[in-house]
Amino acid sequence: MKKKMISAVLACAMAFSLAACGGSAATATIENVDNTEAEEVTEEAAEAEDATEAEAATDDAAETEEVSDDFHIGIVTGSVSQSEDDRRGAEAFQAKYGEDKVTLAIYPDNFTEELETTIQTIVNLSDDPDMKAIIVNQAIPGTTEAFRQIKERRPDIICIAGESHEDLPEIGSAADLVVNNDFVARGYLMIRTAHELGCDTFVHISFPRHLSYETMSRRVAIMKAACEEFGMKFEMETAPDPTTDVGVPGAQAYILEHVPEWVEKYGTNSAYFCTNDAHTEPLLKMLLEHGGYFIEADLPSPLMGYPGALGLDLTQEAGDFEKILAKVESAIVEKGGAGRFGTWAYSYGYTVSAGLAEHARNVILGTSELTDIDDISKAYEVFSPGAEWNGSKYTNAETGVKSDNTFLIYQDTYIMGDPGKYMGSTKVEVPEKYFTIK
């Protein structure tokens, strides 16, 4: 730059000295200087243009590499008999991207007794050299160990747990991402909703295995505290675990037999909640007949228990949750249940399976950040258009520390009626004290 400035000064000096002798010569010299500088500018511009083109070519190449989808994603769920919504969501994601890109697997129904089979089912997906992400929904016991084994052999695979049954800090130490329903916020919001609907008692139905889970035991404590806040009674009932010898039929028979007794005992202004999917259908069926309220399922969905309890064939509406909800709601109203039965407009289990797989795909393609709650919500919304979601990072009740890779989310509660209504749950601010109750 200094050399160019010196040259320009010398040229000007020569031009002025020649001007004293004759204007034409001075003009010619100045023109020559201008032409030379113009050539330099032109050369620089050409170089800049070449650099820009080269940079653009590099960007194009990077972009081409970024959008390449030459990889596989695996999704592990329960069976249709145990977790139909979870399975249907996995199938929806597979249908969207193809069987050649998406591999599905099913863990055993009796996973508590077949731990090794469960672990191996998950780990086996990592044998595929093109596998880049594995999602387990629900992340039943054994998932943490399976993820650890996968990371030892294939650290490049993204391991994601949906709706973990294992303690969240534990599975969070092995998984890259954990997403559960917001048992903290929902523990408070379900009681609040029941109170708004006029309920005076909340009945919690479960069994020892579930109550040993941190998520469920903390939710019970939160529900008790919320009932105290709203002046309601909190009651607990025990029902058989479907994974034991009684199986699903025995567990469902128990619910069918005892709900009439419970309604008589606690009154028709009592609301009921069960922690197991298999208990949901008989509970709904009996509440429709004998009275009582049902705010939402443990893993809410218009498909969770309602079709069986109402005797509905939803084959024609399969995959269209607006039509599914409309048909379920119509049947509820017809049976006199308006204003007493709730759900989420879109299936939680369905959305988790498909949404987490969608999120994993976006992360692999470089369009989303793995632990960004907004990116997770964006992926969920692909399979629940128009639904409102809310959530937060998981807070450890012992330490008060928020986790960087574990999130709790929930959808607004919809109470079916004529017309039905959303309760605005996602806009309610849950008191901070509930996040550390245990």
# chains A, B, ... in the order shown; residues from 1 in each chain; ligands from 1
$ select_by_dssp --residues "segment 108-312 of chain A" --states "strand (DSSP E)" --output "PyMOL selection string"
chain A and resi 131-139+158-164+177-181+201-206+233-238+270-274
$ write_last_selection --atoms "N, CA and C atoms" --output "CSV table (one decimal), in the first residue's frame"
chain,number,residue,atom,x,y,z
A,131,MET,N,-25.5,-46.9,10.9
A,131,MET,CA,-26.3,-46.4,12.0
A,131,MET,C,-25.7,-45.2,12.6
A,132,LYS,N,-26.4,-44.1,12.7
A,132,LYS,CA,-25.9,-42.9,13.3
A,132,LYS,C,-26.7,-42.4,14.5
A,133,ALA,N,-27.9,-42.9,14.8
A,133,ALA,CA,-28.7,-42.5,15.9
A,133,ALA,C,-29.6,-43.7,16.3
A,134,ILE,N,-29.7,-43.9,17.6
A,134,ILE,CA,-30.7,-44.9,18.2
A,134,ILE,C,-31.5,-44.3,19.2
A,135,ILE,N,-32.9,-44.4,19.0
A,135,ILE,CA,-33.8,-43.8,19.9
A,135,ILE,C,-34.6,-45.0,20.6
A,136,VAL,N,-34.7,-44.9,21.9
A,136,VAL,CA,-35.5,-45.9,22.7
A,136,VAL,C,-36.6,-45.2,23.3
A,137,ASN,N,-37.9,-45.6,23.0
A,137,ASN,CA,-39.1,-45.0,23.6
A,137,ASN,C,-40.1,-46.2,23.8
A,138,GLN,N,-40.4,-46.5,25.0
A,138,GLN,CA,-39.9,-45.9,26.3
A,138,GLN,C,-38.6,-46.6,26.7
A,139,ALA,N,-37.8,-45.8,27.3
A,139,ALA,CA,-36.5,-46.2,27.7
A,139,ALA,C,-36.6,-47.0,29.0
A,158,ILE,N,-25.5,-41.4,18.1
A,158,ILE,CA,-26.2,-40.6,19.0
A,158,ILE,C,-27.3,-41.4,19.7
A,159,CYS,N,-27.2,-41.5,21.0
A,159,CYS,CA,-28.1,-42.3,21.8
A,159,CYS,C,-29.2,-41.4,22.5
A,160,ILE,N,-30.4,-41.6,22.2
A,160,ILE,CA,-31.5,-40.8,22.8
A,160,ILE,C,-32.5,-41.6,23.5
A,161,ALA,N,-32.9,-41.2,24.7
A,161,ALA,CA,-33.9,-41.9,25.5
A,161,ALA,C,-35.1,-41.1,25.6
A,162,GLY,N,-36.3,-41.7,25.2
A,162,GLY,CA,-37.6,-41.1,25.4
A,162,GLY,C,-38.3,-41.7,26.5
A,163,GLU,N,-38.9,-41.0,27.4
A,163,GLU,CA,-39.7,-41.4,28.5
A,163,GLU,C,-39.0,-42.6,29.3
A,164,SER,N,-37.9,-42.2,29.9
A,164,SER,CA,-37.1,-43.1,30.7
A,164,SER,C,-37.7,-43.7,31.9
A,177,LEU,N,-29.0,-37.6,24.9
A,177,LEU,CA,-30.2,-36.8,25.2
A,177,LEU,C,-31.3,-37.6,25.8
A,178,VAL,N,-32.0,-37.1,26.8
A,178,VAL,CA,-33.1,-37.7,27.5
A,178,VAL,C,-34.3,-36.7,27.5
A,179,VAL,N,-35.4,-37.2,27.0
A,179,VAL,CA,-36.6,-36.4,27.0
A,179,VAL,C,-37.8,-37.2,27.7
A,180,ASN,N,-38.3,-36.7,28.8
A,180,ASN,CA,-39.4,-37.3,29.5
A,180,ASN,C,-40.6,-36.3,29.5
A,181,ASN,N,-41.8,-36.9,29.8
A,181,ASN,CA,-42.9,-36.0,30.0
A,181,ASN,C,-42.6,-35.3,31.3
A,201,THR,N,-61.4,-34.8,45.1
A,201,THR,CA,-60.5,-35.9,45.4
A,201,THR,C,-59.7,-36.3,44.2
A,202,PHE,N,-58.5,-36.7,44.4
A,202,PHE,CA,-57.6,-37.2,43.3
A,202,PHE,C,-57.1,-38.6,43.7
A,203,VAL,N,-57.4,-39.6,42.9
A,203,VAL,CA,-57.0,-41.0,43.2
A,203,VAL,C,-55.9,-41.4,42.3
A,204,HIS,N,-54.8,-41.8,42.9
A,204,HIS,CA,-53.6,-42.3,42.1
A,204,HIS,C,-53.5,-43.8,42.2
A,205,ILE,N,-53.5,-44.4,41.0
A,205,ILE,CA,-53.4,-45.9,40.9
A,205,ILE,C,-52.1,-46.4,40.4
A,206,SER,N,-51.4,-47.2,41.1
A,206,SER,CA,-50.1,-47.7,40.6
A,206,SER,C,-49.7,-49.0,41.3
A,233,LYS,N,-58.5,-33.8,48.6
A,233,LYS,CA,-58.0,-35.0,49.2
A,233,LYS,C,-57.1,-35.8,48.1
A,234,PHE,N,-56.0,-36.4,48.6
A,234,PHE,CA,-55.2,-37.2,47.7
A,234,PHE,C,-55.2,-38.7,48.2
A,235,GLU,N,-55.6,-39.6,47.4
A,235,GLU,CA,-55.7,-41.0,47.8
A,235,GLU,C,-54.9,-41.9,46.8
A,236,MET,N,-54.4,-43.0,47.4
A,236,MET,CA,-53.6,-43.9,46.5
A,236,MET,C,-54.2,-45.3,46.6
A,237,GLU,N,-54.3,-46.0,45.4
A,237,GLU,CA,-54.8,-47.3,45.3
A,237,GLU,C,-53.7,-48.2,44.6
A,238,THR,N,-53.6,-49.4,44.9
A,238,THR,CA,-52.7,-50.3,44.3
A,238,THR,C,-53.4,-51.3,43.3
A,270,SER,N,-64.6,-37.3,42.1
A,270,SER,CA,-63.2,-37.8,42.3
A,270,SER,C,-62.6,-37.9,40.9
A,271,ALA,N,-61.3,-37.6,40.8
A,271,ALA,CA,-60.6,-37.7,39.5
A,271,ALA,C,-59.6,-38.9,39.7
A,272,TYR,N,-59.3,-39.6,38.6
A,272,TYR,CA,-58.5,-40.8,38.6
A,272,TYR,C,-57.3,-40.7,37.7
A,273,PHE,N,-56.2,-41.3,38.1
A,273,PHE,CA,-55.0,-41.3,37.3
A,273,PHE,C,-54.3,-42.7,37.5
A,274,CYS,N,-53.8,-43.3,36.5
A,274,CYS,CA,-53.0,-44.6,36.6
A,274,CYS,C,-51.7,-44.4,35.9
$ residues_around --residues "Ser173 of chain A" --least-positions-apart "2" --cutoff "12 Å" --atoms "only C-alpha atoms" --output "number ranges by chain"
A: 143-145, 147-148, 151, 159-161, 166-171, 175-178, 403-406
$ write_last_selection --atoms "C-alpha atoms" --output "PDB file, in the first residue's frame"
ATOM      1  CA  THR A 143     -31.456 -48.882  28.277  1.00  0.00           C
ATOM      2  CA  THR A 144     -28.642 -47.212  30.248  1.00  0.00           C
ATOM      3  CA  GLU A 145     -26.479 -50.330  30.053  1.00  0.00           C
ATOM      4  CA  PHE A 147     -26.231 -47.163  25.620  1.00  0.00           C
ATOM      5  CA  ARG A 148     -22.978 -47.660  27.520  1.00  0.00           C
ATOM      6  CA  LYS A 151     -20.785 -45.957  23.172  1.00  0.00           C
ATOM      7  CA  CYS A 159     -28.129 -42.300  21.821  1.00  0.00           C
ATOM      8  CA  ILE A 160     -31.497 -40.780  22.764  1.00  0.00           C
ATOM      9  CA  ALA A 161     -33.864 -41.921  25.526  1.00  0.00           C
ATOM     10  CA  GLU A 166     -34.605 -45.386  34.888  1.00  0.00           C
ATOM     11  CA  ASP A 167     -33.462 -42.543  37.152  1.00  0.00           C
ATOM     12  CA  LEU A 168     -32.829 -39.519  34.964  1.00  0.00           C
ATOM     13  CA  PRO A 169     -29.347 -38.670  36.309  1.00  0.00           C
ATOM     14  CA  GLU A 170     -28.344 -42.299  35.715  1.00  0.00           C
ATOM     15  CA  ILE A 171     -29.550 -42.603  32.145  1.00  0.00           C
ATOM     16  CA  ALA A 175     -27.403 -41.046  26.798  1.00  0.00           C
ATOM     17  CA  ASP A 176     -26.640 -38.014  24.663  1.00  0.00           C
ATOM     18  CA  LEU A 177     -30.191 -36.763  25.179  1.00  0.00           C
ATOM     19  CA  VAL A 178     -33.079 -37.718  27.486  1.00  0.00           C
ATOM     20  CA  SER A 403     -29.237 -31.015  33.668  1.00  0.00           C
ATOM     21  CA  ASP A 404     -27.727 -30.000  30.330  1.00  0.00           C
ATOM     22  CA  ASN A 405     -28.975 -33.020  28.375  1.00  0.00           C
ATOM     23  CA  THR A 406     -32.256 -33.980  30.080  1.00  0.00           C
TER      24      THR A 406
END
$ closest_residue --among "A:Glu329, A:Asp277, A:Ala251, A:Gly339" --to "Gly291 of chain A" --atoms "only C-alpha atoms"
A:Gly339
$ residues_around --residues "Phe294 of chain A" --least-positions-apart "5" --cutoff "12 Å" --atoms "only C-alpha atoms" --output "PyMOL selection string"
chain A and resi 190-191+193-194+197+199+201-204+268-274+280-281+283-288+300+305-306+332+337-343+413-416
$ closest_residue --among "A:Asp372, A:Glu152, A:Asp86, A:Asp298" --to "Phe183 of chain A" --atoms "only C-alpha atoms"
A:Asp298
$ atom_distance --atom1 "atom CA of Ala360 of chain A" --atom2 "atom CA of Ile376 of chain A"
9.1 Å
$ atom_distance --atom1 "atom CA of Arg209 of chain A" --atom2 "atom CA of Leu115 of chain A"
14.9 Å
$ closest_residue --among "A:Val102, A:Val352, A:Thr117, A:Gly391" --to "Val430 of chain A" --atoms "only C-alpha atoms"
A:Gly391
$ closest_residue --among "A:Asp412, A:Asp200, A:Asp100, A:Asp374" --to "His359 of chain A" --atoms "only C-alpha atoms"
A:Asp374
$ residues_around --residues "Arg219 of chain A" --least-positions-apart "5" --cutoff "12 Å" --atoms "only C-alpha atoms" --output "JSON, numbers by chain"
{"A": [181, 182, 183, 184, 185, 186, 187, 188, 189, 190, 191, 204, 210, 211, 212, 213, 214, 224, 225, 226, 273, 275, 298, 397, 434, 435, 436, 437, 438]}
$ write_last_selection --atoms "C-alpha atoms" --output "compact mmCIF listing (two decimals), in the first residue's frame"
# COMPACT_ATOMS: atom_id res chain seq x y z
CA ASN A 181 -42.94 -36.04 30.04
CA ASP A 182 -42.83 -33.21 32.54
CA PHE A 183 -43.75 -35.15 35.66
CA VAL A 184 -43.00 -32.07 37.75
CA ALA A 185 -45.19 -29.53 35.96
CA ARG A 186 -47.89 -32.12 35.15
CA GLY A 187 -48.00 -33.32 38.75
CA TYR A 188 -49.11 -29.82 39.66
CA LEU A 189 -51.17 -29.05 36.54
CA MET A 190 -53.33 -32.21 36.64
CA ILE A 191 -54.38 -31.39 40.19
CA HIS A 204 -53.61 -42.27 42.12
CA HIS A 210 -43.49 -47.87 39.17
CA LEU A 211 -43.38 -46.11 42.53
CA SER A 212 -39.70 -47.05 42.82
CA TYR A 213 -38.95 -44.81 39.83
CA GLU A 214 -37.73 -41.35 40.79
CA LYS A 224 -49.96 -34.50 47.31
CA ALA A 225 -48.58 -30.99 47.80
CA ALA A 226 -50.80 -29.60 45.04
CA PHE A 273 -54.98 -41.34 37.31
CA THR A 275 -49.35 -44.95 35.87
CA ASP A 298 -49.81 -41.02 32.14
CA ALA A 397 -34.23 -32.49 43.55
CA TYR A 434 -42.62 -27.83 43.07
CA PHE A 435 -39.40 -28.38 41.10
CA THR A 436 -37.51 -29.52 44.18
CA ILE A 437 -40.25 -31.44 46.01
CA LYS A 438 -39.30 -35.09 46.51
$ select_by_dssp --residues "segment 69-111 of chain A" --states "alpha helix (DSSP H)" --output "list of chain:residue names"
A:Val80, A:Ser81, A:Gln82, A:Ser83, A:Glu84, A:Asp85, A:Asp86, A:Arg87, A:Arg88, A:Gly89, A:Ala90, A:Glu91, A:Ala92, A:Phe93, A:Gln94, A:Ala95, A:Lys96, A:Tyr97
$ write_last_selection --atoms "C-alpha atoms" --output "CSV table (one decimal), in the first residue's frame"
chain,number,residue,atom,x,y,z
A,80,VAL,CA,-48.4,-52.8,19.9
A,81,SER,CA,-50.1,-54.6,22.8
A,82,GLN,CA,-48.1,-52.7,25.5
A,83,SER,CA,-47.3,-49.4,23.8
A,84,GLU,CA,-49.2,-49.0,20.6
A,85,ASP,CA,-48.8,-45.2,20.3
A,86,ASP,CA,-45.0,-45.5,20.7
A,87,ARG,CA,-44.9,-48.1,18.0
A,88,ARG,CA,-47.2,-46.2,15.6
A,89,GLY,CA,-45.0,-43.2,15.9
A,90,ALA,CA,-41.9,-45.2,15.0
A,91,GLU,CA,-43.8,-46.6,12.0
A,92,ALA,CA,-44.8,-43.1,10.9
A,93,PHE,CA,-41.2,-41.9,10.9
A,94,GLN,CA,-40.1,-45.0,9.0
A,95,ALA,CA,-42.9,-44.4,6.4
A,96,LYS,CA,-41.7,-40.9,5.9
A,97,TYR,CA,-38.1,-41.7,5.3
$ residues_around --residues "Glu358 of chain A" --least-positions-apart "5" --cutoff "9 Å" --atoms "only C-alpha atoms" --output "PyMOL selection string"
chain A and resi 93+353+363+376+379-380+382
$ write_last_selection --atoms "C-alpha atoms" --output "PDB file, in the first residue's frame"
ATOM      1  CA  PHE A  93     -41.180 -41.933  10.880  1.00  0.00           C
ATOM      2  CA  SER A 353     -40.973 -41.811  18.850  1.00  0.00           C
ATOM      3  CA  VAL A 363     -28.843 -32.950  14.318  1.00  0.00           C
ATOM      4  CA  ILE A 376     -36.582 -30.449  20.064  1.00  0.00           C
ATOM      5  CA  ALA A 379     -39.145 -31.645  15.639  1.00  0.00           C
ATOM      6  CA  TYR A 380     -42.108 -32.643  17.831  1.00  0.00           C
ATOM      7  CA  VAL A 382     -43.716 -31.871  12.742  1.00  0.00           C
TER       8      VAL A 382
END
$ closest_residue --among "A:Gln149, A:Asn390, A:Ser79, A:Ser330" --to "Ile106 of chain A" --atoms "only C-alpha atoms"
A:Ser79
